[in-house]
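Worksheet: one structure, shown below.
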Amino acid sequence: MRVPLAWLLEMVDWPGDVGSLAEALTGRGVAVEAVERPAAGTAGIVAAQIVDVAPHPFGGHLKLCRLEAGRAGRGLVVSGAPNVVSGLLVPWAPPGARLPGGREMAKRDIQGVPSEGMACSADEIGLPGDHADGLLALPADLGPGDDLVAALELDDPVLVLELTPNYAAHCQSILGVAREVAALTGGALRLPPEPSPPNADLDATYVASVRISAPDLCGRFIALQLAGVGTGPAPIRVQRRLAAAGVRPRGATVDATNYVMLEVGQPLHAYDLRDLRGGVIGARRAEEGEVIVTLDGQRRTLRGDDLVIADGERAVGVAGVMGGENTEVHDDTREVLLEAAYFAPMGIARTARRLGLATAASTRFARGVDPARVRWAAERCAELIARWSGGGVSAEAGDAVTESFPATPPVVRLRGAHARGLIGVKLTAAECGAYLTGLGFNVSADGADRLRVVVPSWRGDVAEEIDLVEEVARAYGYDRIPEALPGGAPGAPYRDPVADAGEAAGAIARAAGYSEAVTSPLHAVEEWRRLRLPAGHDLRRAVQIQNPMTEDQRVLRRMLVPGLLDALGYNARHRRVDAALYEVGRVFQPTAGGALPDEPRHFALAVAGTGAAYLAAKGVVEEVRERLGAGEARYERPAAGELPFLHPGRSAWVVGAGGERLGWVGEVHPETAAAYGVVGAAAAAEVDLGQVAAGRPEGARFAPWLRSPAVRRDLAMALPEAVPAGAVAEVMRAAGGELLRDVRRFDVYTGEGIGPGRRSLAYTLVYQADRTLTDSEVDVAHDGVRRALVERLGAQLRS
């Protein structure tokens with residue numbers, strides 16, 4: 001938001017300079033990012049009337065102009081402007097005057113005739129907009145000798161505000177900033193005069209009626225018709241203010257809409273009445289896929305939840321965002337329909353964001369406009385159009401109001417104790433009320449130490465008690481709030497068990513030689529083909545982006561492994577075939593009813609270039625399970641087609657103690673590996689860290705290291721293949737009692753000497769206590785383990 005200082009000071013007084021004003025506003029939370037002085041140093045330019053014109057004795061197209069500038073004196077200048085004529089009032093920069101940019105004028109010889117400074121065009125004195133070639137013709141309300149630097153605000157400073165979302169709603173106009181200044185000084189606010197637009201002498205050639213068919217998105221719609229509108233620019237001062245505020249002058253009608261928007265924050269739009277059809281103007285939902293060409297010449301495809309302004313036949317604008325090219329006001333426009341409306345902020349914000357159109361109107365509507373100013377703004381704009389270009393109101397098409405229009409101001413209660421506790425300053429309820437009254441709130445007592453506050457219409461951002469507390473803190477002054485450390489002892493820090501599990505899993509992977517990778521959470525639909533996922537597979541049920549930057553970023557990932565395989569392929573293409581990568585990150589699981597997806601955290605790894613890739617991956621998964629206290633890993637064979645991207649004979653589900661699936665591990669299917677460009681055998685694994693963390697024993701605590709020596713005994717046994725290794729470990733731990741500190745499997749054997757359907761498992765058992773164990777103590781415990789294996793699992797002991 002850019003605020004020309006002279007425009008602001010029309011509404012409120014400020015006792016200091018512009019620097020102190022910027023500092024004071026910033027202290028109240030209305031941050032002034034910069035103070036610009038685009039024409040600093042400009043001086044001495046006055047209005048002068050051409051009283052005589054004569055041809056230059058030696059220059060063909062040059063003329064000698066005698067100027068009369070009242071108290072500023074007289075002068076003779078040489079000019080080649082095509083519009084030099086006696087009686088014209090023009091800007092004159094006499095010797096000693098300084099133009100924008102710092103150029104100082106002096107008396108100089110032009111083809112043998114001394115010229116005392118120069119008569120100026122609009123560009124030469126820094127005025128914006130489209131002006132006729134030649135000297136600037138000054139308006140009749142100026143007279144010879146008037147100081148143009150002051151009259152046209154040529155050197156006016158501009159406050160550049162950085163509006164944060166919580167203060168943007170009421171400070172996105174000159175009036176809104178003036179209210180803040182008035183609250184700072186306690187001075188009076190000079191509101192713009194009540195408008196009284198004249199009626200047109202001509203009858204309307206076309207009368208439209210107002211219709212709102214989307215009452216939840218449009219709360220009010222006002223349409224005024226103007227006839228007899230002339231052509232030409234807005235007054236020079238208006239063009240200067242618009243340009244200083246960052247708006248390019250476009251002609252009197254459009255400039256009037258922009259001027260009122262900047263003045264009071266209410267966007268408006270003008271339509272060429274000749275181009276409206278069907279006798280209707282109003283707001284409706286767009287048809288799905290409806291196309292409109294906006295004023296910037298771009299074709300916009302709309303959705304069913306977008307709001308459009310439409311006549312009886314087609315859309316003529318994207319409501320609250322940008323008008324349509326099909327009803328644009330032109331130089332020959334003589335009849336205008338003027339629209340002022342109140343739209344639902346969220347609807348405008350959604351449409352503007354999706355279309356990528358952050359216009360001055362959409363920004364204001366999305367943050368909330370003052371509903372009490374809609375009618376006022378329409379009449380003010382009609383009055384300015386009539387004043388600047390002629391004509392008047394020929395008809396009122398209508399003023400429609402729906403149930404979504406906030407006609408009743410909200411009432412919020414404020415507790416003095418609550419305000420004191422949050423601000424940290426001993427303020428009474430009466431003092432809080434005084435600060436709020438200064439900001440425009442209507443305050444009354446509501447019991448002891450309690451206030452009833454009616455929120456003004458322009459403060460749509462204030463809805464709860466905490467908002468009022470913030471306003472009191474702002475008015476009191478952030479710089480006056482004493483600095484103090486919070487009392488009391490800090491509580492125990494919260495530890496996220498899933499995040500802790502991710503850190504531990506990453507540490508295990510790094511210790512095993514894996515490098516961490518961070519891959520994109522987005523991928524293409526093509527990824528499903530590379531993973532060999534058939535139609536209807538659960539992993540194809542993924543969240544898709546409606547407007548992706550590229551087709552490679554359309555789908556939110558369900559697994560981490562595809563990104564790791566892509567990275568392995570990248571490494572292979574750069575002659576690094578032996579790579580081992582892991583990642584800890586979130587995946588996105590779709591939920592029912594179109595709600596936001598679940599985002600569980602996963603741990604995944606992928607390794608290539610080694611013949612033992614599958615065993616390497618499986619070993620890391622087992623270490624993660626055991627280190628996290630979730631017990632030894634157990635496995636289930638996947639059903640056909642469940643994990644199509646893995647080798648059907650070398651893959652397994654990782655299963656928890658309660659039978660729940662924690663993840664999977666396996667050798668990557670050769671077709672999948674080839675699709676990603678992975679060279680040689682590759683393996684991958686992925687587990688849900690939330691499931692792993694949930695399986696950890698309750699109240700797990702650090703156990704101190706024992707200083708006594710440990711005793712290790714090896715034990716081998718033959719068992720049916722159907723007996724899971726996890727069950728073997730559980731039996732041994734239960735039978736070994738407190739002396740058995742650790743159980744580690746170091747060998748699995750099938751083949752000759754074991755028998756069909758059986759396998760041999762070999763373990764190292766570690767016995768330890770807080771004292772040195774005797775051989776007899778270890779023998780008793782170890783014999784108990786051996787008996788339990790035989791009795792409970794039918795094991796055939798081999799050692």
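To be explicit about the labels: the chains of the structure tokens are called A, B, and onward in the order shown, and within each one the residues are counted from 1, while ligands get numbers from 1 in the order they are shown.
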Inset, instruction - Excluding Ile545 of chain A and any residue of its chain fewer than 6 positions from it, enumerate the residues within 12 Å of it, using only C-alpha atoms, and give them as number ranges by chain. - result: A: 521-525, 551-557
Inset, instruction - Identify all residues of segment 324-523 of chain A in alpha helix (DSSP H) (DSSP on the backbone) and supply them as number ranges by chain. - result: A: 345-355, 360-367, 374-389, 416-423, 429-438, 465-476, 497-511
Got a sec: who's within 10 Å of Arg532 of chain A, counting only C-alpha atoms, leaving out chain neighbours fewer than 2 positions off, as a CSV table (one decimal) with N, CA, C and O atoms, in the first residue's frame?
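Dumped everything to result-v7.csv:
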chain,number,residue,atom,x,y,z
A,527,GLU,N,5.0,-43.0,-12.7
A,527,GLU,CA,5.7,-43.8,-11.6
A,527,GLU,C,4.9,-45.1,-11.4
A,527,GLU,O,5.6,-46.1,-11.0
A,528,TRP,N,3.6,-45.1,-11.5
A,528,TRP,CA,2.9,-46.4,-11.3
A,528,TRP,C,3.3,-47.5,-12.2
A,528,TRP,O,3.3,-48.6,-11.9
A,529,ARG,N,3.6,-47.1,-13.5
A,529,ARG,CA,4.0,-48.0,-14.5
A,529,ARG,C,5.3,-48.6,-14.1
A,529,ARG,O,5.6,-49.8,-14.3
A,530,ARG,N,6.3,-47.8,-13.7
A,530,ARG,CA,7.6,-48.2,-13.4
A,530,ARG,C,7.6,-49.2,-12.2
A,530,ARG,O,8.4,-50.1,-12.0
A,534,PRO,N,-0.7,-52.7,-11.0
A,534,PRO,CA,-1.8,-52.9,-11.9
A,534,PRO,C,-3.0,-51.9,-11.5
A,534,PRO,O,-3.0,-51.3,-10.5
A,535,ALA,N,-3.9,-51.8,-12.5
A,535,ALA,CA,-5.1,-51.0,-12.2
A,535,ALA,C,-5.8,-51.5,-11.0
A,535,ALA,O,-6.0,-52.7,-10.8
A,537,HIS,N,-4.7,-51.2,-7.9
A,537,HIS,CA,-3.9,-51.4,-6.8
A,537,HIS,C,-4.0,-50.3,-5.8
A,537,HIS,O,-4.2,-49.2,-6.1
A,641,GLY,N,0.9,-60.2,-6.2
A,641,GLY,CA,0.4,-58.9,-6.6
A,641,GLY,C,0.4,-57.9,-5.5
A,641,GLY,O,0.1,-56.7,-5.8
A,643,LEU,N,3.0,-56.8,-3.6
A,643,LEU,CA,4.2,-56.0,-3.8
A,643,LEU,C,4.8,-56.3,-5.2
A,643,LEU,O,5.9,-56.9,-5.3
A,644,PRO,N,4.2,-55.8,-6.2
A,644,PRO,CA,4.6,-56.2,-7.6
A,644,PRO,C,6.0,-55.6,-8.0
A,644,PRO,O,6.6,-56.1,-8.9
A,645,PHE,N,6.4,-54.6,-7.3
A,645,PHE,CA,7.7,-54.0,-7.6
A,645,PHE,C,8.9,-54.8,-6.9
A,645,PHE,O,10.1,-54.4,-7.1
A,646,LEU,N,8.6,-55.8,-6.2
A,646,LEU,CA,9.6,-56.7,-5.5
A,646,LEU,C,9.7,-58.1,-6.2
A,646,LEU,O,8.7,-58.5,-6.7
A,669,HIS,N,12.3,-56.0,-8.1
A,669,HIS,CA,12.0,-56.7,-9.3
A,669,HIS,C,12.8,-56.3,-10.4
A,669,HIS,O,13.0,-55.0,-10.6
A,671,GLU,N,12.4,-55.9,-13.6
A,671,GLU,CA,11.7,-54.9,-14.5
A,671,GLU,C,11.6,-53.6,-13.8
A,671,GLU,O,11.8,-52.5,-14.5
A,672,THR,N,11.3,-53.5,-12.6
A,672,THR,CA,11.3,-52.2,-11.9
A,672,THR,C,12.7,-51.6,-11.8
A,672,THR,O,12.9,-50.4,-12.1
A,675,ALA,N,13.5,-50.2,-15.1
A,675,ALA,CA,12.7,-49.0,-15.4
A,675,ALA,C,13.3,-47.7,-14.8
A,675,ALA,O,13.2,-46.6,-15.3
Which residues of segment 735-785 of chain A come within 12 Å of segment 603-622 of chain A, and what is each one's closest atom pair and distance in Å (one decimal), counting only C-alpha atoms, sorted by chain and residue number, as a tab-separated table?
residue	atom	partner	partner_atom	distance
A:Arg744	CA	A:Glu622	CA	10.8
A:Arg745	CA	A:Glu622	CA	10.6
A:Phe746	CA	A:Gly619	CA	10.9
A:Val748	CA	A:Leu615	CA	11.8
Legend entry - DSSP strand (DSSP E) residues within segment 371-512 of chain A, as a ChimeraX atom specification: /A:392-401,411-415,442-445,450-454
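When only C-alpha atoms are used to compute distances to Val455 of chain A, the closest of the residues A:Glu23, A:Glu471, A:Glu686, A:Glu33 turns out to be A:Glu471.
With only C-alpha atoms as the atoms that count, the residue of A:Arg601, A:Arg573, A:Arg103, A:Arg284 with the shortest distance to Asp306 of chain A is A:Arg284.
Distances to Met717 of chain A were evaluated for A:Asp783, A:Leu739, A:Ala795, A:Glu339 using only C-alpha atoms, and the minimum falls at A:Ala795.
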Contact residues around Val46 of chain A with only C-alpha atoms at 12 Å, ignoring same-chain residues under 4 positions, as a PDB file with N, CA, C and O atoms, in the first residue's frame:
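File part_23.pdb, as written:
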ATOM      1  N   THR A  42      12.582  19.320  -6.121  1.00  0.00           N
ATOM      2  CA  THR A  42      11.876  20.102  -7.146  1.00  0.00           C
ATOM      3  C   THR A  42      11.402  21.422  -6.527  1.00  0.00           C
ATOM      4  O   THR A  42      10.799  21.432  -5.460  1.00  0.00           O
ATOM      5  N   LEU A  67       5.611  35.458 -21.042  1.00  0.00           N
ATOM      6  CA  LEU A  67       4.857  34.852 -19.954  1.00  0.00           C
ATOM      7  C   LEU A  67       4.618  35.858 -18.851  1.00  0.00           C
ATOM      8  O   LEU A  67       5.478  36.686 -18.541  1.00  0.00           O
ATOM      9  N   GLU A  68       3.427  35.760 -18.251  1.00  0.00           N
ATOM     10  CA  GLU A  68       3.056  36.581 -17.107  1.00  0.00           C
ATOM     11  C   GLU A  68       2.772  35.632 -15.941  1.00  0.00           C
ATOM     12  O   GLU A  68       1.899  34.770 -16.018  1.00  0.00           O
ATOM     13  N   ALA A  69       3.542  35.762 -14.826  1.00  0.00           N
ATOM     14  CA  ALA A  69       3.433  34.844 -13.693  1.00  0.00           C
ATOM     15  C   ALA A  69       3.135  35.580 -12.404  1.00  0.00           C
ATOM     16  O   ALA A  69       3.561  35.151 -11.321  1.00  0.00           O
ATOM     17  N   GLY A  70       2.403  36.663 -12.475  1.00  0.00           N
ATOM     18  CA  GLY A  70       1.990  37.371 -11.271  1.00  0.00           C
ATOM     19  C   GLY A  70       3.174  37.756 -10.413  1.00  0.00           C
ATOM     20  O   GLY A  70       4.118  38.411 -10.890  1.00  0.00           O
ATOM     21  N   ARG A  71       3.137  37.381  -9.132  1.00  0.00           N
ATOM     22  CA  ARG A  71       4.220  37.750  -8.214  1.00  0.00           C
ATOM     23  C   ARG A  71       5.562  37.159  -8.635  1.00  0.00           C
ATOM     24  O   ARG A  71       6.614  37.661  -8.231  1.00  0.00           O
ATOM     25  N   ALA A  72       5.538  36.090  -9.415  1.00  0.00           N
ATOM     26  CA  ALA A  72       6.792  35.460  -9.841  1.00  0.00           C
ATOM     27  C   ALA A  72       7.461  36.212 -10.981  1.00  0.00           C
ATOM     28  O   ALA A  72       8.578  35.852 -11.379  1.00  0.00           O
ATOM     29  N   GLY A  73       6.776  37.217 -11.542  1.00  0.00           N
ATOM     30  CA  GLY A  73       7.401  38.048 -12.555  1.00  0.00           C
ATOM     31  C   GLY A  73       7.006  37.674 -13.964  1.00  0.00           C
ATOM     32  O   GLY A  73       6.048  36.928 -14.204  1.00  0.00           O
ATOM     33  N   ARG A  74       7.765  38.210 -14.909  1.00  0.00           N
ATOM     34  CA  ARG A  74       7.528  37.978 -16.328  1.00  0.00           C
ATOM     35  C   ARG A  74       8.783  37.386 -16.952  1.00  0.00           C
ATOM     36  O   ARG A  74       9.867  37.462 -16.395  1.00  0.00           O
ATOM     37  N   GLY A  75       8.604  36.835 -18.144  1.00  0.00           N
ATOM     38  CA  GLY A  75       9.758  36.268 -18.813  1.00  0.00           C
ATOM     39  C   GLY A  75       9.473  35.972 -20.262  1.00  0.00           C
ATOM     40  O   GLY A  75       8.318  35.914 -20.691  1.00  0.00           O
ATOM     41  N   LEU A  89      -2.503  28.779 -19.973  1.00  0.00           N
ATOM     42  CA  LEU A  89      -1.820  28.752 -18.675  1.00  0.00           C
ATOM     43  C   LEU A  89      -0.948  27.507 -18.624  1.00  0.00           C
ATOM     44  O   LEU A  89      -1.450  26.381 -18.753  1.00  0.00           O
ATOM     45  N   VAL A  90       0.370  27.719 -18.442  1.00  0.00           N
ATOM     46  CA  VAL A  90       1.323  26.607 -18.556  1.00  0.00           C
ATOM     47  C   VAL A  90       2.298  26.639 -17.379  1.00  0.00           C
ATOM     48  O   VAL A  90       2.438  27.662 -16.696  1.00  0.00           O
ATOM     49  N   PRO A  91       2.979  25.510 -17.115  1.00  0.00           N
ATOM     50  CA  PRO A  91       4.049  25.519 -16.116  1.00  0.00           C
ATOM     51  C   PRO A  91       5.274  26.261 -16.657  1.00  0.00           C
ATOM     52  O   PRO A  91       5.675  26.074 -17.810  1.00  0.00           O
ATOM     53  N   TRP A  92       5.874  27.062 -15.806  1.00  0.00           N
ATOM     54  CA  TRP A  92       7.088  27.794 -16.206  1.00  0.00           C
ATOM     55  C   TRP A  92       8.166  27.532 -15.156  1.00  0.00           C
ATOM     56  O   TRP A  92       7.926  27.689 -13.954  1.00  0.00           O
ATOM     57  N   ALA A  93       9.334  27.079 -15.655  1.00  0.00           N
ATOM     58  CA  ALA A  93      10.498  26.888 -14.793  1.00  0.00           C
ATOM     59  C   ALA A  93      11.483  28.009 -15.104  1.00  0.00           C
ATOM     60  O   ALA A  93      12.291  27.902 -16.038  1.00  0.00           O
ATOM     61  N   PRO A  94      11.419  29.140 -14.365  1.00  0.00           N
ATOM     62  CA  PRO A  94      12.312  30.269 -14.646  1.00  0.00           C
ATOM     63  C   PRO A  94      13.738  29.952 -14.201  1.00  0.00           C
ATOM     64  O   PRO A  94      13.988  28.931 -13.557  1.00  0.00           O
ATOM     65  N   PRO A  95      14.698  30.809 -14.548  1.00  0.00           N
ATOM     66  CA  PRO A  95      16.075  30.582 -14.086  1.00  0.00           C
ATOM     67  C   PRO A  95      16.116  30.407 -12.573  1.00  0.00           C
ATOM     68  O   PRO A  95      15.499  31.163 -11.822  1.00  0.00           O
ATOM     69  N   GLY A  96      16.841  29.375 -12.106  1.00  0.00           N
ATOM     70  CA  GLY A  96      16.937  29.050 -10.685  1.00  0.00           C
ATOM     71  C   GLY A  96      16.003  27.954 -10.251  1.00  0.00           C
ATOM     72  O   GLY A  96      16.178  27.364  -9.172  1.00  0.00           O
ATOM     73  N   ALA A  97      14.962  27.648 -11.047  1.00  0.00           N
ATOM     74  CA  ALA A  97      14.036  26.560 -10.700  1.00  0.00           C
ATOM     75  C   ALA A  97      14.717  25.202 -10.923  1.00  0.00           C
ATOM     76  O   ALA A  97      15.616  25.071 -11.755  1.00  0.00           O
ATOM     77  N   ARG A  98      14.272  24.211 -10.165  1.00  0.00           N
ATOM     78  CA  ARG A  98      14.818  22.845 -10.303  1.00  0.00           C
ATOM     79  C   ARG A  98      13.700  21.900 -10.702  1.00  0.00           C
ATOM     80  O   ARG A  98      12.646  21.842 -10.043  1.00  0.00           O
ATOM     81  N   LEU A  99      13.959  21.120 -11.769  1.00  0.00           N
ATOM     82  CA  LEU A  99      13.004  20.146 -12.252  1.00  0.00           C
ATOM     83  C   LEU A  99      13.224  18.811 -11.532  1.00  0.00           C
ATOM     84  O   LEU A  99      14.279  18.581 -10.931  1.00  0.00           O
ATOM     85  N   GLY A 117      14.618  30.336 -18.843  1.00  0.00           N
ATOM     86  CA  GLY A 117      14.054  29.061 -18.400  1.00  0.00           C
ATOM     87  C   GLY A 117      13.273  28.417 -19.519  1.00  0.00           C
ATOM     88  O   GLY A 117      13.590  28.586 -20.708  1.00  0.00           O
ATOM     89  N   MET A 118      12.196  27.708 -19.152  1.00  0.00           N
ATOM     90  CA  MET A 118      11.377  27.091 -20.205  1.00  0.00           C
ATOM     91  C   MET A 118       9.958  26.855 -19.720  1.00  0.00           C
ATOM     92  O   MET A 118       9.700  26.685 -18.521  1.00  0.00           O
ATOM     93  N   ALA A 119       9.043  26.860 -20.683  1.00  0.00           N
ATOM     94  CA  ALA A 119       7.673  26.410 -20.448  1.00  0.00           C
ATOM     95  C   ALA A 119       7.674  24.892 -20.578  1.00  0.00           C
ATOM     96  O   ALA A 119       8.322  24.334 -21.468  1.00  0.00           O
ATOM     97  N   CYS A 120       6.942  24.204 -19.702  1.00  0.00           N
ATOM     98  CA  CYS A 120       7.147  22.754 -19.525  1.00  0.00           C
ATOM     99  C   CYS A 120       5.954  21.924 -19.986  1.00  0.00           C
ATOM    100  O   CYS A 120       4.801  22.338 -19.904  1.00  0.00           O
ATOM    101  N   ILE A 125       7.749  18.015 -15.818  1.00  0.00           N
ATOM    102  CA  ILE A 125       7.565  18.313 -14.388  1.00  0.00           C
ATOM    103  C   ILE A 125       7.170  17.065 -13.597  1.00  0.00           C
ATOM    104  O   ILE A 125       6.756  17.166 -12.435  1.00  0.00           O
ATOM    105  N   LEU A 138      -2.739  23.959 -17.875  1.00  0.00           N
ATOM    106  CA  LEU A 138      -3.121  23.877 -16.471  1.00  0.00           C
ATOM    107  C   LEU A 138      -4.605  24.166 -16.291  1.00  0.00           C
ATOM    108  O   LEU A 138      -5.203  24.899 -17.091  1.00  0.00           O
ATOM    109  N   LEU A 142      -6.253  27.293 -11.237  1.00  0.00           N
ATOM    110  CA  LEU A 142      -4.935  27.846 -10.930  1.00  0.00           C
ATOM    111  C   LEU A 142      -4.799  29.204 -11.594  1.00  0.00           C
ATOM    112  O   LEU A 142      -5.454  29.491 -12.611  1.00  0.00           O
ATOM    113  N   GLY A 143      -3.944  30.049 -11.028  1.00  0.00           N
ATOM    114  CA  GLY A 143      -3.731  31.367 -11.588  1.00  0.00           C
ATOM    115  C   GLY A 143      -2.262  31.652 -11.771  1.00  0.00           C
ATOM    116  O   GLY A 143      -1.396  30.960 -11.219  1.00  0.00           O
ATOM    117  N   PRO A 144      -1.920  32.661 -12.560  1.00  0.00           N
ATOM    118  CA  PRO A 144      -0.518  33.008 -12.774  1.00  0.00           C
ATOM    119  C   PRO A 144       0.202  33.272 -11.453  1.00  0.00           C
ATOM    120  O   PRO A 144      -0.323  33.960 -10.571  1.00  0.00           O
ATOM    121  N   GLY A 145       1.361  32.712 -11.308  1.00  0.00           N
ATOM    122  CA  GLY A 145       2.168  32.885 -10.115  1.00  0.00           C
ATOM    123  C   GLY A 145       1.980  31.805  -9.073  1.00  0.00           C
ATOM    124  O   GLY A 145       2.748  31.739  -8.102  1.00  0.00           O
ATOM    125  N   ASP A 146       0.964  30.929  -9.222  1.00  0.00           N
ATOM    126  CA  ASP A 146       0.764  29.862  -8.231  1.00  0.00           C
ATOM    127  C   ASP A 146       1.946  28.897  -8.237  1.00  0.00           C
ATOM    128  O   ASP A 146       2.479  28.548  -9.302  1.00  0.00           O
ATOM    129  N   ASP A 147       2.326  28.465  -7.048  1.00  0.00           N
ATOM    130  CA  ASP A 147       3.430  27.508  -6.892  1.00  0.00           C
ATOM    131  C   ASP A 147       2.931  26.122  -7.289  1.00  0.00           C
ATOM    132  O   ASP A 147       2.131  25.503  -6.574  1.00  0.00           O
ATOM    133  N   LEU A 148       3.406  25.577  -8.399  1.00  0.00           N
ATOM    134  CA  LEU A 148       2.925  24.285  -8.880  1.00  0.00           C
ATOM    135  C   LEU A 148       3.497  23.120  -8.088  1.00  0.00           C
ATOM    136  O   LEU A 148       2.899  22.052  -8.058  1.00  0.00           O
ATOM    137  N   VAL A 149       4.645  23.314  -7.459  1.00  0.00           N
ATOM    138  CA  VAL A 149       5.196  22.224  -6.637  1.00  0.00           C
ATOM    139  C   VAL A 149       4.230  21.881  -5.518  1.00  0.00           C
ATOM    140  O   VAL A 149       3.979  20.706  -5.219  1.00  0.00           O
ATOM    141  N   ALA A 150       3.631  22.917  -4.908  1.00  0.00           N
ATOM    142  CA  ALA A 150       2.656  22.669  -3.849  1.00  0.00           C
ATOM    143  C   ALA A 150       1.288  22.337  -4.412  1.00  0.00           C
ATOM    144  O   ALA A 150       0.615  21.406  -3.953  1.00  0.00           O
ATOM    145  N   ALA A 151       0.845  23.080  -5.436  1.00  0.00           N
ATOM    146  CA  ALA A 151      -0.508  22.907  -5.960  1.00  0.00           C
ATOM    147  C   ALA A 151      -0.706  21.530  -6.588  1.00  0.00           C
ATOM    148  O   ALA A 151      -1.776  20.935  -6.476  1.00  0.00           O
ATOM    149  N   LEU A 152       0.320  21.018  -7.277  1.00  0.00           N
ATOM    150  CA  LEU A 152       0.210  19.714  -7.938  1.00  0.00           C
ATOM    151  C   LEU A 152       0.913  18.603  -7.152  1.00  0.00           C
ATOM    152  O   LEU A 152       1.020  17.478  -7.648  1.00  0.00           O
ATOM    153  N   LEU A 154       4.008  18.010  -6.452  1.00  0.00           N
ATOM    154  CA  LEU A 154       5.080  17.418  -7.247  1.00  0.00           C
ATOM    155  C   LEU A 154       6.162  16.762  -6.398  1.00  0.00           C
ATOM    156  O   LEU A 154       6.777  15.791  -6.827  1.00  0.00           O
TER     157      LEU A 154
END
Write out as a PDB file with N, CA, C and O atoms, in the first residue's frame which residues come within 10 Å of Val518 of chain A when counting only C-alpha atoms, dropping same-chain ones fewer than 2 positions away.
ATOM      1  N   GLU A 516      22.171 -40.368   3.515  1.00  0.00           N
ATOM      2  CA  GLU A 516      20.816 -39.831   3.566  1.00  0.00           C
ATOM      3  C   GLU A 516      20.471 -39.120   2.269  1.00  0.00           C
ATOM      4  O   GLU A 516      21.301 -38.416   1.677  1.00  0.00           O
ATOM      5  N   SER A 520      11.835 -35.675  -3.748  1.00  0.00           N
ATOM      6  CA  SER A 520      10.624 -34.864  -3.903  1.00  0.00           C
ATOM      7  C   SER A 520       9.390 -35.641  -3.451  1.00  0.00           C
ATOM      8  O   SER A 520       9.253 -36.830  -3.734  1.00  0.00           O
ATOM      9  N   PRO A 521       8.461 -34.969  -2.758  1.00  0.00           N
ATOM     10  CA  PRO A 521       7.205 -35.640  -2.374  1.00  0.00           C
ATOM     11  C   PRO A 521       6.228 -35.771  -3.534  1.00  0.00           C
ATOM     12  O   PRO A 521       5.161 -36.345  -3.379  1.00  0.00           O
ATOM     13  N   LEU A 560       8.318 -43.781  -0.006  1.00  0.00           N
ATOM     14  CA  LEU A 560       9.584 -43.083  -0.186  1.00  0.00           C
ATOM     15  C   LEU A 560      10.490 -43.794  -1.181  1.00  0.00           C
ATOM     16  O   LEU A 560      11.326 -43.161  -1.841  1.00  0.00           O
ATOM     17  N   GLY A 563      11.413 -42.615  -4.946  1.00  0.00           N
ATOM     18  CA  GLY A 563      12.385 -41.525  -5.047  1.00  0.00           C
ATOM     19  C   GLY A 563      13.807 -42.009  -4.854  1.00  0.00           C
ATOM     20  O   GLY A 563      14.745 -41.537  -5.522  1.00  0.00           O
ATOM     21  N   LEU A 564      14.004 -42.974  -3.951  1.00  0.00           N
ATOM     22  CA  LEU A 564      15.345 -43.524  -3.736  1.00  0.00           C
ATOM     23  C   LEU A 564      15.802 -44.331  -4.947  1.00  0.00           C
ATOM     24  O   LEU A 564      16.978 -44.278  -5.337  1.00  0.00           O
ATOM     25  N   ALA A 567      16.986 -42.030  -7.486  1.00  0.00           N
ATOM     26  CA  ALA A 567      18.329 -41.545  -7.151  1.00  0.00           C
ATOM     27  C   ALA A 567      19.387 -42.598  -7.461  1.00  0.00           C
ATOM     28  O   ALA A 567      20.492 -42.268  -7.926  1.00  0.00           O
ATOM     29  N   LEU A 581      21.280 -45.776  -0.094  1.00  0.00           N
ATOM     30  CA  LEU A 581      20.619 -44.545   0.315  1.00  0.00           C
ATOM     31  C   LEU A 581      19.484 -44.849   1.286  1.00  0.00           C
ATOM     32  O   LEU A 581      18.874 -45.913   1.239  1.00  0.00           O
ATOM     33  N   TYR A 582      19.196 -43.874   2.165  1.00  0.00           N
ATOM     34  CA  TYR A 582      18.033 -43.982   3.033  1.00  0.00           C
ATOM     35  C   TYR A 582      17.359 -42.621   3.113  1.00  0.00           C
ATOM     36  O   TYR A 582      17.954 -41.584   2.806  1.00  0.00           O
ATOM     37  N   GLU A 583      16.107 -42.637   3.548  1.00  0.00           N
ATOM     38  CA  GLU A 583      15.370 -41.383   3.719  1.00  0.00           C
ATOM     39  C   GLU A 583      14.355 -41.547   4.844  1.00  0.00           C
ATOM     40  O   GLU A 583      13.750 -42.614   5.001  1.00  0.00           O
ATOM     41  N   VAL A 584      14.190 -40.490   5.607  1.00  0.00           N
ATOM     42  CA  VAL A 584      13.125 -40.388   6.598  1.00  0.00           C
ATOM     43  C   VAL A 584      12.239 -39.220   6.171  1.00  0.00           C
ATOM     44  O   VAL A 584      12.712 -38.085   6.047  1.00  0.00           O
ATOM     45  N   GLY A 585      10.979 -39.489   5.914  1.00  0.00           N
ATOM     46  CA  GLY A 585      10.099 -38.427   5.432  1.00  0.00           C
ATOM     47  C   GLY A 585       8.646 -38.824   5.507  1.00  0.00           C
ATOM     48  O   GLY A 585       8.295 -39.947   5.878  1.00  0.00           O
TER      49      GLY A 585
END
